[in-house]
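Colleague: Pasting in a structure now, in structure tokens, and then I'll have a few things to ask.
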Number of protein chains: 4
Amino acid sequence: MRFKIGHQAQVDADGMIGKRQTAAPRGAAQRWRRTQPAEVRVDDLMSAAAALFIAKGIEATTIDDIVARAGVAKGTFYHYFSTKADVIIALRARFSQDFLARVAASIAERAPDDHAGRLSAWLRGAVGTYLANVELHDVVFHDFPHHQRQSQEKDDVIAQIVAVLEDGRKAGIWAFPDARSAALIVFDGMHAVADDAIVAGTRDPEPPCRLLEEMFTRMLAAPQPQS
Amino acid sequence: MRFKIGHQAQVDADGMIGKRQTAAPRGAAQRWRRTQPAEVRVDDLMSAAAALFIAKGIEATTIDDIVARAGVAKGTFYHYFSTKADVIIALRARFSQDFLARVAASIAERAPDDHAGRLSAWLRGAVGTYLANVELHDVVFHDFPHHQRQSQEKDDVIAQIVAVLEDGRKAGIWAFPDARSAALIVFDGMHAVADDAIVAGTRDPEPPCRLLEEMFTRMLAAPQPQS
Amino acid sequence: MRFKIGHQAQVDADGMIGKRQTAAPRGAAQRWRRTQPAEVRVDDLMSAAAALFIAKGIEATTIDDIVARAGVAKGTFYHYFSTKADVIIALRARFSQDFLARVAASIAERAPDDHAGRLSAWLRGAVGTYLANVELHDVVFHDFPHHQRQSQEKDDVIAQIVAVLEDGRKAGIWAFPDARSAALIVFDGMHAVADDAIVAGTRDPEPPCRLLEEMFTRMLAAPQPQS
Amino acid sequence: MRFKIGHQAQVDADGMIGKRQTAAPRGAAQRWRRTQPAEVRVDDLMSAAAALFIAKGIEATTIDDIVARAGVAKGTFYHYFSTKADVIIALRARFSQDFLARVAASIAERAPDDHAGRLSAWLRGAVGTYLANVELHDVVFHDFPHHQRQSQEKDDVIAQIVAVLEDGRKAGIWAFPDARSAALIVFDGMHAVADDAIVAGTRDPEPPCRLLEEMFTRMLAAPQPQS
DNA sequence: GATGAATGAGCGTTCATTCAT
DNA sequence: TATGAATGAACGCTCATTCAT
């Protein structure tokens, strides 16, 4: 099964975020057009860049490398991006949209009042997507110098978690002094534990997910009313 | 009050990590020595680099900038460091040593069996030091491309937290499925909340500290035995 | 009289190997084109480099010198050559092609069965071309560190001599234990005697040519059959 | 058997030219002296340089490399040599002295009137020494930029050959238009054929020696008087 | 839209050499 | 003699960006 998210990239059943595989290969029924729709060119360039960034690092990747891999001329790159940093920003946006979409899909499978289940779904969706795309994640979120402490991307994800948490609080099963802070701990804690799993060598998302579930369940649990 | 940590840097009462201010200016009683003890030269170079990295970013800082600020010739830089990246690594080590030392000092002020107090001390020491040195922290831990998911530096801090947590568990006041994971959540959660405080514009460590204390206290609390 | 050899360089009646002098100066009927055919740029760069190498030596010649003389930007140099050593290699190839062509032309003027004449033609062609281009020869064959004991260039020339010698042997006028060795002695002996002539101050090719002819004629002569 | 030549180096029975192995190792009966006799220091430095030049090439060898290998401080190098080129020149002189001495010894084994034998001895001595020391030979005679077409070193060897040839001419067994030219052909021809043997992969001096003997014997042979 | 030759400021790094001790 | 920290001019090379076609 394959579902399309946004218009730039797609997430397949394995949670891989990456180069779009056009169902109908270009040039099948028509002659090879040197002129491609902007969308396709942009996508080719971004995918080429992503692959190279992952393989050799951002700094070591030159525009020449990117255009060579994308099979276009140097000037073409500058038709679509004004700067190398531009591609990274675009890549970051694409990554985030996909992450958000996938995690949202994961949450949507649970009943609206299954708060524990929704948190668990968030964790499983997030860890799964993260583990499946660490290299790209690192490139767009860490290797890019002068990273922003504050970013729209992170804020969007935090908002997503906050929504889940607030619902649980309203239902009386969770309690916390500040939803945003709790969400931040959930988000960064998730990354920390997932990273550790990677270092440990396993890419099986189950163990870190269970761990995170237990820790955060305790952290968020509303004090039991005295009977 | 001023206390010396290690031999390369020092942390003063304000928690600032940085350029050593020599009490007795060099050359007081003697002629200006072109030749300085290696320690001093290295320190000068590192401090100059740190200041520039913070001010203009790593990439934008040239070796020329660094040596100009340190008041030495370009060759001298390469006498002590083999690469620009070398300084960053040295800076990272220095930062970590100082962080560790300061937090350790903070913990040491509490009684060995005051586990909650020790965790609180860790949090306050960590948040305080972090807030006081974010710029340098960012430079050495984020702006440097190809950061390591796994680093000795982080591991050392994690070990420090693990020690505190294990003590509390042995005392029966805390429970958690895995000490290392708990420590990772504490460490990265601390950064997340502190970062948020910075974005919010306040550098007062008190609010984030309280928040973290409450969240982590719940997360770690051992279930109350049924009476 | 001027005849073209290959497409990169030419040898004029004086036997000078070097900068192409375009008959019709570029831009005569058209506007000055910043963009030149690759051939022309490469040629300009190589000729500028050759002149400078001869004048100041390879090491002392900087890329800046070369591009200044060629009237292009530094980047342009690296558009066509990947390294300073690259130009030298190209220069070497160009030199050899020209040498080979010129000597071949000299030989071709003699009758195919005039073996002594062909050897003489080789010697005269070789000495003449060599004396006319010693400086460039030295630069590309001696001043370049890590010269190869074995080179395609030398082998090509040796093959040329071997062909002449073998023809003479088949005709029964020459005898030698090993054609390649004989050719090597002819080639290096030629250089040695020509060098000595240069040191002696004369650039008149006649005396060394006569000397070489006599020596090699004796060396190669088949023993006279007893009548 | 071991015989000493000059005061700087020695040639052993195998014809190896290289680092002096002091019979009585320094420091045997005495304490290690930081201060060494100038001779020893010079020798250590030259040998260290030679080894490095052979291993990594002249350009790639830095003064730091040399002093590190010789086990002295940088300043010490400049006590004994004023320039990197200086060492090469010294190495060249040492090489030539050894070459000359060894070949002279080889010749001296033949009777003064055994002209063919003396030429043969020269060839065998020269080829043997050359093959045994090609790497060093290349370094000091080829890899050094701006080589001199005319050098005292080469002239000395040429003079040695000239002496042999003239003796043979006076004895009436050889004839040639010019002794110096003949000697040059012998010298450079020897190098050419020896080089070819190296490329061919054999270091057995016998085959090239035989070849050279035959070629040069014919080249030099006085025409048989008509009976 | 697409090309790719040309640009040139800029940077990290090297290393022979000096000289105060 | 011997040291080795300090020097700093010099250089090769990079690469993002432009623009005429």
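FYI, nothing fancy with the structure tokens labels: chains A, B, ... in order, residues from 1 per chain, ligands from 1 as they appear.
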Could you work out which residues of chain F fall inside 9 Å of chain D? Count only C-alpha atoms (C1' of nucleotides), and format the result as a VMD selection string.
Modeller: chain F and resid 1 to 4
Colleague: Find the nearest atom pair between each residue of chain D and chain C for residues within 10 Å, count only C-alpha atoms, give distances in Å to one decimal, sort rows by chain and ascending number, and present the table as JSON lines.
Modeller:
```
{"residue": "D:Lys56", "atom": "CA", "partner": "C:His146", "partner_atom": "CA", "distance": 9.8}
{"residue": "D:Gly57", "atom": "CA", "partner": "C:His146", "partner_atom": "CA", "distance": 7.1}
{"residue": "D:Ile58", "atom": "CA", "partner": "C:Pro145", "partner_atom": "CA", "distance": 8.1}
{"residue": "D:Glu59", "atom": "CA", "partner": "C:Pro145", "partner_atom": "CA", "distance": 8.0}
{"residue": "D:Asp138", "atom": "CA", "partner": "C:His146", "partner_atom": "CA", "distance": 8.6}
{"residue": "D:Val139", "atom": "CA", "partner": "C:His146", "partner_atom": "CA", "distance": 8.4}
{"residue": "D:Phe141", "atom": "CA", "partner": "C:His142", "partner_atom": "CA", "distance": 9.6}
{"residue": "D:His142", "atom": "CA", "partner": "C:His142", "partner_atom": "CA", "distance": 6.5}
{"residue": "D:Asp143", "atom": "CA", "partner": "C:Pro145", "partner_atom": "CA", "distance": 4.7}
{"residue": "D:Phe144", "atom": "CA", "partner": "C:Pro145", "partner_atom": "CA", "distance": 6.9}
{"residue": "D:Pro145", "atom": "CA", "partner": "C:Asp143", "partner_atom": "CA", "distance": 4.6}
{"residue": "D:His146", "atom": "CA", "partner": "C:Asp143", "partner_atom": "CA", "distance": 5.7}
{"residue": "D:His147", "atom": "CA", "partner": "C:Asp143", "partner_atom": "CA", "distance": 7.0}
{"residue": "D:Gln148", "atom": "CA", "partner": "C:Asp138", "partner_atom": "CA", "distance": 9.9}
{"residue": "D:Arg149", "atom": "CA", "partner": "C:Asp195", "partner_atom": "CA", "distance": 6.7}
{"residue": "D:Gln150", "atom": "CA", "partner": "C:Val199", "partner_atom": "CA", "distance": 6.7}
{"residue": "D:Ala175", "atom": "CA", "partner": "C:Met215", "partner_atom": "CA", "distance": 9.8}
{"residue": "D:Phe176", "atom": "CA", "partner": "C:Met215", "partner_atom": "CA", "distance": 7.2}
{"residue": "D:Pro177", "atom": "CA", "partner": "C:Leu211", "partner_atom": "CA", "distance": 7.0}
{"residue": "D:Asp178", "atom": "CA", "partner": "C:Leu211", "partner_atom": "CA", "distance": 7.7}
{"residue": "D:Arg180", "atom": "CA", "partner": "C:Val193", "partner_atom": "CA", "distance": 9.0}
{"residue": "D:Ser181", "atom": "CA", "partner": "C:Val193", "partner_atom": "CA", "distance": 6.0}
{"residue": "D:Ala182", "atom": "CA", "partner": "C:Met215", "partner_atom": "CA", "distance": 7.6}
{"residue": "D:Ala183", "atom": "CA", "partner": "C:Ala192", "partner_atom": "CA", "distance": 9.6}
{"residue": "D:Leu184", "atom": "CA", "partner": "C:Ala192", "partner_atom": "CA", "distance": 5.9}
{"residue": "D:Ile185", "atom": "CA", "partner": "C:Gly189", "partner_atom": "CA", "distance": 4.5}
{"residue": "D:Val186", "atom": "CA", "partner": "C:Gly189", "partner_atom": "CA", "distance": 7.7}
{"residue": "D:Phe187", "atom": "CA", "partner": "C:Gly189", "partner_atom": "CA", "distance": 8.4}
{"residue": "D:Asp188", "atom": "CA", "partner": "C:Asp188", "partner_atom": "CA", "distance": 5.8}
{"residue": "D:Gly189", "atom": "CA", "partner": "C:Ile185", "partner_atom": "CA", "distance": 4.5}
{"residue": "D:Met190", "atom": "CA", "partner": "C:Ile185", "partner_atom": "CA", "distance": 7.7}
{"residue": "D:His191", "atom": "CA", "partner": "C:Asp188", "partner_atom": "CA", "distance": 8.4}
{"residue": "D:Ala192", "atom": "CA", "partner": "C:Leu184", "partner_atom": "CA", "distance": 5.9}
{"residue": "D:Val193", "atom": "CA", "partner": "C:Ser181", "partner_atom": "CA", "distance": 6.0}
{"residue": "D:Ala194", "atom": "CA", "partner": "C:Ser181", "partner_atom": "CA", "distance": 9.6}
{"residue": "D:Asp195", "atom": "CA", "partner": "C:Arg149", "partner_atom": "CA", "distance": 6.8}
{"residue": "D:Asp196", "atom": "CA", "partner": "C:Gln150", "partner_atom": "CA", "distance": 7.9}
{"residue": "D:Ala197", "atom": "CA", "partner": "C:Ser181", "partner_atom": "CA", "distance": 9.7}
{"residue": "D:Ile198", "atom": "CA", "partner": "C:Arg149", "partner_atom": "CA", "distance": 8.7}
{"residue": "D:Val199", "atom": "CA", "partner": "C:Gln150", "partner_atom": "CA", "distance": 6.7}
{"residue": "D:Ala200", "atom": "CA", "partner": "C:Gln150", "partner_atom": "CA", "distance": 9.8}
{"residue": "D:Pro208", "atom": "CA", "partner": "C:Ser181", "partner_atom": "CA", "distance": 8.7}
{"residue": "D:Arg210", "atom": "CA", "partner": "C:Pro177", "partner_atom": "CA", "distance": 9.7}
{"residue": "D:Leu211", "atom": "CA", "partner": "C:Pro177", "partner_atom": "CA", "distance": 7.0}
{"residue": "D:Leu212", "atom": "CA", "partner": "C:Ser181", "partner_atom": "CA", "distance": 8.4}
{"residue": "D:Glu214", "atom": "CA", "partner": "C:Pro177", "partner_atom": "CA", "distance": 7.9}
{"residue": "D:Met215", "atom": "CA", "partner": "C:Met219", "partner_atom": "CA", "distance": 6.0}
{"residue": "D:Phe216", "atom": "CA", "partner": "C:Met219", "partner_atom": "CA", "distance": 6.8}
{"residue": "D:Thr217", "atom": "CA", "partner": "C:Met219", "partner_atom": "CA", "distance": 7.9}
{"residue": "D:Arg218", "atom": "CA", "partner": "C:Met219", "partner_atom": "CA", "distance": 5.0}
{"residue": "D:Met219", "atom": "CA", "partner": "C:Met219", "partner_atom": "CA", "distance": 3.8}
{"residue": "D:Leu220", "atom": "CA", "partner": "C:Met219", "partner_atom": "CA", "distance": 7.5}
{"residue": "D:Ala221", "atom": "CA", "partner": "C:Arg218", "partner_atom": "CA", "distance": 8.1}
{"residue": "D:Ala222", "atom": "CA", "partner": "C:Arg218", "partner_atom": "CA", "distance": 9.6}
{"residue": "D:Pro223", "atom": "CA", "partner": "C:Arg218", "partner_atom": "CA", "distance": 9.4}
```
Colleague: Keeping only C-alpha atoms, write those residues as a compact mmCIF listing (two decimals), in the first residue's frame.
Modeller:
```
# COMPACT_ATOMS: atom_id res chain seq x y z
CA LYS D 56 58.88 10.14 -0.07
CA GLY D 57 60.61 12.32 -2.57
CA ILE D 58 62.52 15.51 -2.03
CA GLU D 59 59.64 17.92 -2.08
CA ASP D 138 67.62 9.34 -8.96
CA VAL D 139 67.04 11.50 -5.97
CA PHE D 141 70.61 13.56 -9.92
CA HIS D 142 67.08 13.75 -11.23
CA ASP D 143 64.58 14.73 -8.62
CA PHE D 144 66.42 17.84 -7.73
CA PRO D 145 64.83 20.63 -9.77
CA HIS D 146 66.97 22.83 -11.90
CA HIS D 147 69.51 20.20 -12.52
CA GLN D 148 72.65 21.36 -14.14
CA ARG D 149 73.42 20.25 -17.62
CA GLN D 150 77.02 20.65 -16.64
CA ALA D 175 89.75 4.93 -32.69
CA PHE D 176 87.20 7.70 -32.38
CA PRO D 177 86.83 11.24 -33.60
CA ASP D 178 86.53 12.73 -30.13
CA ARG D 180 84.96 13.22 -24.76
CA SER D 181 82.01 12.50 -27.02
CA ALA D 182 82.79 8.82 -26.99
CA ALA D 183 82.95 8.91 -23.22
CA LEU D 184 79.64 10.72 -23.05
CA ILE D 185 78.01 8.07 -25.19
CA VAL D 186 79.50 5.36 -23.02
CA PHE D 187 78.30 7.05 -19.84
CA ASP D 188 74.78 7.92 -20.95
CA GLY D 189 74.43 4.73 -22.94
CA MET D 190 75.29 2.83 -19.80
CA HIS D 191 72.58 4.63 -17.88
CA ALA D 192 70.05 4.07 -20.63
CA VAL D 193 70.63 0.35 -20.84
CA ALA D 194 70.82 -0.05 -17.07
CA ASP D 195 67.56 1.85 -16.68
CA ASP D 196 65.95 -0.41 -19.18
CA ALA D 197 67.13 -3.42 -17.24
CA ILE D 198 65.55 -1.97 -14.12
CA VAL D 199 62.27 -1.44 -15.89
CA ALA D 200 62.50 -4.97 -17.23
CA PRO D 208 73.26 -5.29 -19.69
CA ARG D 210 77.55 -7.89 -21.92
CA LEU D 211 75.34 -5.88 -24.23
CA LEU D 212 77.16 -2.66 -23.52
CA GLU D 214 79.64 -5.60 -27.34
CA MET D 215 78.13 -2.34 -28.56
CA PHE D 216 80.94 -0.16 -27.32
CA THR D 217 83.65 -2.52 -28.44
CA ARG D 218 82.35 -2.19 -31.97
CA MET D 219 81.89 1.54 -31.65
CA LEU D 220 85.44 2.08 -30.52
CA ALA D 221 87.30 -0.55 -32.50
CA ALA D 222 90.06 0.84 -34.67
CA PRO D 223 89.61 -0.14 -38.32
```
Colleague: Could you list the residues in chain E lying within 8 Å of chain C, using only C-alpha atoms (C1' of nucleotides), and format the result as a ChimeraX atom specification?
Modeller: /E:5-8
Colleague: I'd like the contact shell of D:Ala51 - 12 Å cut-off, only C-alpha atoms (C1' of nucleotides), skipping same-chain residues fewer than 5 positions apart - returned as a list in words.
Modeller: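 My reading of the contact set: Ile17, Gly18, Lys19, Asp44, Leu45, Met46, Lys56, Gly57, Ile58, Thr61, Asp65, Ile66, Arg69, Ala70, Ile88, Leu91, Asn133, Glu135, Leu136, His137, Val139 and Val140 of chain D.
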Colleague: Any chance you could list, as number ranges by chain, the residues in stretch 25-208 of chain D that come up alpha helix (DSSP H) when DSSP is run on the backbone?
Modeller: D: 38-56, 63-70, 74-80, 84-108, 115-132, 134-141, 152-170, 179-200, 206-208
Colleague: What is the distance, in Å and to one decimal place, between atom CA of B:Trp122 and atom CA of B:Pro205?
Modeller: 12.7 Å
Colleague: Do you have the atom CA of A:Ala101-atom CA of A:Val134 distance handy?
Modeller: 16.9 Å
